[in-house]
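Asks: Below is a structure I'd like to ask you about.
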Amino acid sequence: MYEAYKKKILSFYERRKRMPSYAEIMELTGFRSKNAVFKLVEKLVEDGVVDKDQQGKLTPRTLQKSVEGIPLLGLVEAGFPSAAEEELLDVMNFDEYLVPNKEASYILKVKGDSMIDAGIREGDMVIVERKATYKPGQIVIAMVDGEYTMKYLRKKGEKYFLEPANEKYKPIYPSEAFRVEAVVTAVVRKY
């Protein structure tokens, strides 16, 4: 439950750009006593999530950088033109959006054009995440016969193979070693 309470408090901070009061934490967590809130706050301080100033007011510690974001102002039509209205919908942090599991993620720069029809071009950056299991249909980083590549993971019967997203290339059927290292979770392209 501690993680759920911490998440609610962090979400409050992200939305309102201030830490909640003890009364607001009671409301967020459903606690019936300020003593329970006090114990939760002490745990947050102990874990380095927040600090308390001399008046007991909470201030973010490690949150400051992680919750800064860019305003999400609305939607833009990619089909037929429509009236655009600027409306602050939220504040978005790309770090949290693109890399929810930092401990298991890393970035690779793309070389080659075998995944062009999947929207992945040479020079793009892909964010990949190590996972315990992988499913056919995912774009993966795999080691095939001693070399690494990025392709769609496919399965035919009981055998896995890799399929490019460019008709110029043929599927890769491992002859010896085959291991999926990570799954592609995002593509980043800067213009």
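In the structure tokens, chains take the letters A, B, ... in the order shown, each chain's residues start at 1, and ligands count up from 1 in the order shown.
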Can you tell me which residues surround region 38-51 of chain A at a distance of at most 9 Å, considering only C-alpha atoms, apart from same-chain residues fewer than 4 positions away, and format the answer as a VMD selection string?
Replies: chain A and resid 2 5 to 6 22 33 to 34 56 to 63
Asks: Considering only strand (DSSP E) as DSSP defines it on the backbone, what residues of region 84-172 of chain A qualify? List them as an MDAnalysis selection string.
Replies: chainID A and resid 90:92 105:109 125:129 139:144 147:156 159:163
Asks: Pick out the residues sitting within 12 Å of region 176-183 of chain A, and hand them over as a PyMOL selection string; count only C-alpha atoms, and ignore anything fewer than 6 positions along from it in its own chain.
Replies: chain A and resi 104-108+126-154+159-162
Asks: List every residue of chain A that DSSP, applied to the backbone of this structure, places in alpha helix (DSSP H), and write the result as a PDB file with N, CA and C atoms, in the first residue's frame.
Replies:
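Done, and the output landed in result29.pdb:
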```pdb
ATOM      1  N   TYR A   2       2.033   1.175   0.616  1.00  0.00           N
ATOM      2  CA  TYR A   2       2.911   2.348   0.694  1.00  0.00           C
ATOM      3  C   TYR A   2       3.177   2.931  -0.689  1.00  0.00           C
ATOM      4  N   GLU A   3       3.497   2.060  -1.664  1.00  0.00           N
ATOM      5  CA  GLU A   3       3.791   2.536  -3.024  1.00  0.00           C
ATOM      6  C   GLU A   3       2.586   3.240  -3.637  1.00  0.00           C
ATOM      7  N   ALA A   4       1.383   2.725  -3.369  1.00  0.00           N
ATOM      8  CA  ALA A   4       0.161   3.349  -3.894  1.00  0.00           C
ATOM      9  C   ALA A   4      -0.045   4.738  -3.279  1.00  0.00           C
ATOM     10  N   TYR A   5       0.199   4.852  -1.971  1.00  0.00           N
ATOM     11  CA  TYR A   5       0.063   6.156  -1.313  1.00  0.00           C
ATOM     12  C   TYR A   5       1.097   7.141  -1.856  1.00  0.00           C
ATOM     13  N   LYS A   6       2.323   6.654  -2.011  1.00  0.00           N
ATOM     14  CA  LYS A   6       3.394   7.509  -2.533  1.00  0.00           C
ATOM     15  C   LYS A   6       3.025   7.998  -3.933  1.00  0.00           C
ATOM     16  N   LYS A   7       2.498   7.107  -4.751  1.00  0.00           N
ATOM     17  CA  LYS A   7       2.107   7.481  -6.108  1.00  0.00           C
ATOM     18  C   LYS A   7       1.007   8.544  -6.106  1.00  0.00           C
ATOM     19  N   LYS A   8       0.043   8.416  -5.201  1.00  0.00           N
ATOM     20  CA  LYS A   8      -1.030   9.409  -5.110  1.00  0.00           C
ATOM     21  C   LYS A   8      -0.482  10.784  -4.726  1.00  0.00           C
ATOM     22  N   ILE A   9       0.469  10.780  -3.799  1.00  0.00           N
ATOM     23  CA  ILE A   9       1.059  12.048  -3.359  1.00  0.00           C
ATOM     24  C   ILE A   9       1.874  12.668  -4.490  1.00  0.00           C
ATOM     25  N   LEU A  10       2.636  11.854  -5.212  1.00  0.00           N
ATOM     26  CA  LEU A  10       3.430  12.358  -6.331  1.00  0.00           C
ATOM     27  C   LEU A  10       2.527  12.865  -7.455  1.00  0.00           C
ATOM     28  N   SER A  11       1.435  12.160  -7.702  1.00  0.00           N
ATOM     29  CA  SER A  11       0.483  12.606  -8.729  1.00  0.00           C
ATOM     30  C   SER A  11      -0.131  13.948  -8.341  1.00  0.00           C
ATOM     31  N   PHE A  12      -0.457  14.105  -7.062  1.00  0.00           N
ATOM     32  CA  PHE A  12      -0.980  15.390  -6.562  1.00  0.00           C
ATOM     33  C   PHE A  12       0.026  16.492  -6.857  1.00  0.00           C
ATOM     34  N   TYR A  13       1.298  16.232  -6.540  1.00  0.00           N
ATOM     35  CA  TYR A  13       2.351  17.222  -6.774  1.00  0.00           C
ATOM     36  C   TYR A  13       2.471  17.557  -8.264  1.00  0.00           C
ATOM     37  N   GLU A  14       2.409  16.536  -9.112  1.00  0.00           N
ATOM     38  CA  GLU A  14       2.519  16.755 -10.560  1.00  0.00           C
ATOM     39  C   GLU A  14       1.376  17.612 -11.080  1.00  0.00           C
ATOM     40  N   ARG A  15       0.176  17.363 -10.592  1.00  0.00           N
ATOM     41  CA  ARG A  15      -0.994  18.114 -11.059  1.00  0.00           C
ATOM     42  C   ARG A  15      -1.026  19.538 -10.523  1.00  0.00           C
ATOM     43  N   ARG A  16      -0.734  19.707  -9.249  1.00  0.00           N
ATOM     44  CA  ARG A  16      -0.932  21.008  -8.594  1.00  0.00           C
ATOM     45  C   ARG A  16       0.348  21.816  -8.408  1.00  0.00           C
ATOM     46  N   TYR A  22      -1.306  17.888   5.206  1.00  0.00           N
ATOM     47  CA  TYR A  22      -1.628  16.656   5.936  1.00  0.00           C
ATOM     48  C   TYR A  22      -3.102  16.295   5.743  1.00  0.00           C
ATOM     49  N   ALA A  23      -3.977  17.296   5.774  1.00  0.00           N
ATOM     50  CA  ALA A  23      -5.416  17.048   5.583  1.00  0.00           C
ATOM     51  C   ALA A  23      -5.673  16.486   4.179  1.00  0.00           C
ATOM     52  N   GLU A  24      -4.981  17.029   3.184  1.00  0.00           N
ATOM     53  CA  GLU A  24      -5.150  16.527   1.818  1.00  0.00           C
ATOM     54  C   GLU A  24      -4.594  15.113   1.677  1.00  0.00           C
ATOM     55  N   ILE A  25      -3.506  14.805   2.391  1.00  0.00           N
ATOM     56  CA  ILE A  25      -2.970  13.433   2.366  1.00  0.00           C
ATOM     57  C   ILE A  25      -3.979  12.480   3.004  1.00  0.00           C
ATOM     58  N   MET A  26      -4.636  12.922   4.083  1.00  0.00           N
ATOM     59  CA  MET A  26      -5.691  12.094   4.694  1.00  0.00           C
ATOM     60  C   MET A  26      -6.764  11.766   3.663  1.00  0.00           C
ATOM     61  N   GLU A  27      -7.154  12.781   2.905  1.00  0.00           N
ATOM     62  CA  GLU A  27      -8.184  12.600   1.891  1.00  0.00           C
ATOM     63  C   GLU A  27      -7.702  11.679   0.765  1.00  0.00           C
ATOM     64  N   LEU A  28      -6.453  11.865   0.322  1.00  0.00           N
ATOM     65  CA  LEU A  28      -5.886  11.050  -0.762  1.00  0.00           C
ATOM     66  C   LEU A  28      -5.773   9.577  -0.378  1.00  0.00           C
ATOM     67  N   THR A  29      -5.373   9.329   0.854  1.00  0.00           N
ATOM     68  CA  THR A  29      -5.097   7.962   1.290  1.00  0.00           C
ATOM     69  C   THR A  29      -6.290   7.278   1.942  1.00  0.00           C
ATOM     70  N   LYS A  34      -4.594  11.804  11.681  1.00  0.00           N
ATOM     71  CA  LYS A  34      -3.381  12.509  11.280  1.00  0.00           C
ATOM     72  C   LYS A  34      -2.133  11.737  11.709  1.00  0.00           C
ATOM     73  N   ASN A  35      -2.266  10.893  12.725  1.00  0.00           N
ATOM     74  CA  ASN A  35      -1.146  10.078  13.168  1.00  0.00           C
ATOM     75  C   ASN A  35      -0.713   9.119  12.048  1.00  0.00           C
ATOM     76  N   ALA A  36      -1.670   8.539  11.343  1.00  0.00           N
ATOM     77  CA  ALA A  36      -1.346   7.644  10.225  1.00  0.00           C
ATOM     78  C   ALA A  36      -0.642   8.427   9.112  1.00  0.00           C
ATOM     79  N   VAL A  37      -1.103   9.653   8.870  1.00  0.00           N
ATOM     80  CA  VAL A  37      -0.466  10.511   7.866  1.00  0.00           C
ATOM     81  C   VAL A  37       0.957  10.846   8.315  1.00  0.00           C
ATOM     82  N   PHE A  38       1.117  11.154   9.592  1.00  0.00           N
ATOM     83  CA  PHE A  38       2.436  11.481  10.133  1.00  0.00           C
ATOM     84  C   PHE A  38       3.405  10.314   9.906  1.00  0.00           C
ATOM     85  N   LYS A  39       2.963   9.085  10.160  1.00  0.00           N
ATOM     86  CA  LYS A  39       3.818   7.900   9.956  1.00  0.00           C
ATOM     87  C   LYS A  39       4.170   7.720   8.483  1.00  0.00           C
ATOM     88  N   LEU A  40       3.204   7.950   7.602  1.00  0.00           N
ATOM     89  CA  LEU A  40       3.467   7.852   6.166  1.00  0.00           C
ATOM     90  C   LEU A  40       4.487   8.907   5.743  1.00  0.00           C
ATOM     91  N   VAL A  41       4.321  10.139   6.214  1.00  0.00           N
ATOM     92  CA  VAL A  41       5.243  11.228   5.880  1.00  0.00           C
ATOM     93  C   VAL A  41       6.649  10.900   6.383  1.00  0.00           C
ATOM     94  N   GLU A  42       6.749  10.363   7.586  1.00  0.00           N
ATOM     95  CA  GLU A  42       8.057   9.984   8.135  1.00  0.00           C
ATOM     96  C   GLU A  42       8.738   8.947   7.233  1.00  0.00           C
ATOM     97  N   LYS A  43       7.971   8.007   6.716  1.00  0.00           N
ATOM     98  CA  LYS A  43       8.506   6.979   5.812  1.00  0.00           C
ATOM     99  C   LYS A  43       8.963   7.622   4.495  1.00  0.00           C
ATOM    100  N   LEU A  44       8.191   8.581   3.989  1.00  0.00           N
ATOM    101  CA  LEU A  44       8.568   9.291   2.764  1.00  0.00           C
ATOM    102  C   LEU A  44       9.857  10.087   2.970  1.00  0.00           C
ATOM    103  N   VAL A  45       9.998  10.705   4.146  1.00  0.00           N
ATOM    104  CA  VAL A  45      11.220  11.447   4.473  1.00  0.00           C
ATOM    105  C   VAL A  45      12.391  10.472   4.566  1.00  0.00           C
ATOM    106  N   GLU A  46      12.178   9.359   5.255  1.00  0.00           N
ATOM    107  CA  GLU A  46      13.211   8.339   5.431  1.00  0.00           C
ATOM    108  C   GLU A  46      13.683   7.789   4.078  1.00  0.00           C
ATOM    109  N   LEU A  63      11.900  14.543  -6.257  1.00  0.00           N
ATOM    110  CA  LEU A  63      10.843  14.728  -7.250  1.00  0.00           C
ATOM    111  C   LEU A  63      11.120  15.863  -8.212  1.00  0.00           C
ATOM    112  N   GLN A  64      11.775  16.899  -7.728  1.00  0.00           N
ATOM    113  CA  GLN A  64      11.870  18.146  -8.475  1.00  0.00           C
ATOM    114  C   GLN A  64      12.187  17.920  -9.943  1.00  0.00           C
ATOM    115  N   LYS A  65      13.268  17.189 -10.228  1.00  0.00           N
ATOM    116  CA  LYS A  65      13.649  16.995 -11.621  1.00  0.00           C
ATOM    117  C   LYS A  65      12.734  16.020 -12.321  1.00  0.00           C
ATOM    118  N   SER A  66      12.265  14.994 -11.610  1.00  0.00           N
ATOM    119  CA  SER A  66      11.509  13.947 -12.290  1.00  0.00           C
ATOM    120  C   SER A  66      10.097  14.373 -12.676  1.00  0.00           C
ATOM    121  N   VAL A  67       9.541  15.402 -12.045  1.00  0.00           N
ATOM    122  CA  VAL A  67       8.176  15.766 -12.382  1.00  0.00           C
ATOM    123  C   VAL A  67       8.080  17.000 -13.265  1.00  0.00           C
ATOM    124  N   PHE A  94       8.406  13.561 -20.513  1.00  0.00           N
ATOM    125  CA  PHE A  94       8.794  12.549 -21.491  1.00  0.00           C
ATOM    126  C   PHE A  94       9.605  11.426 -20.862  1.00  0.00           C
ATOM    127  N   ASP A  95      10.398  11.743 -19.874  1.00  0.00           N
ATOM    128  CA  ASP A  95      11.199  10.719 -19.213  1.00  0.00           C
ATOM    129  C   ASP A  95      10.295   9.639 -18.634  1.00  0.00           C
ATOM    130  N   GLU A  96       9.270  10.037 -17.899  1.00  0.00           N
ATOM    131  CA  GLU A  96       8.342   9.073 -17.310  1.00  0.00           C
ATOM    132  C   GLU A  96       7.492   8.384 -18.380  1.00  0.00           C
ATOM    133  N   TYR A  97       7.102   9.124 -19.408  1.00  0.00           N
ATOM    134  CA  TYR A  97       6.256   8.577 -20.462  1.00  0.00           C
ATOM    135  C   TYR A  97       6.991   7.528 -21.299  1.00  0.00           C
ATOM    136  N   LEU A  98       8.231   7.822 -21.684  1.00  0.00           N
ATOM    137  CA  LEU A  98       8.976   6.936 -22.559  1.00  0.00           C
ATOM    138  C   LEU A  98       9.732   5.832 -21.829  1.00  0.00           C
TER     139      LEU A  98
END
```
Asks: What does the distance from CA of Asn101 (chain A) to CA of Gly123 (chain A) come to in Å, to one decimal?
Replies: 23.6 Å
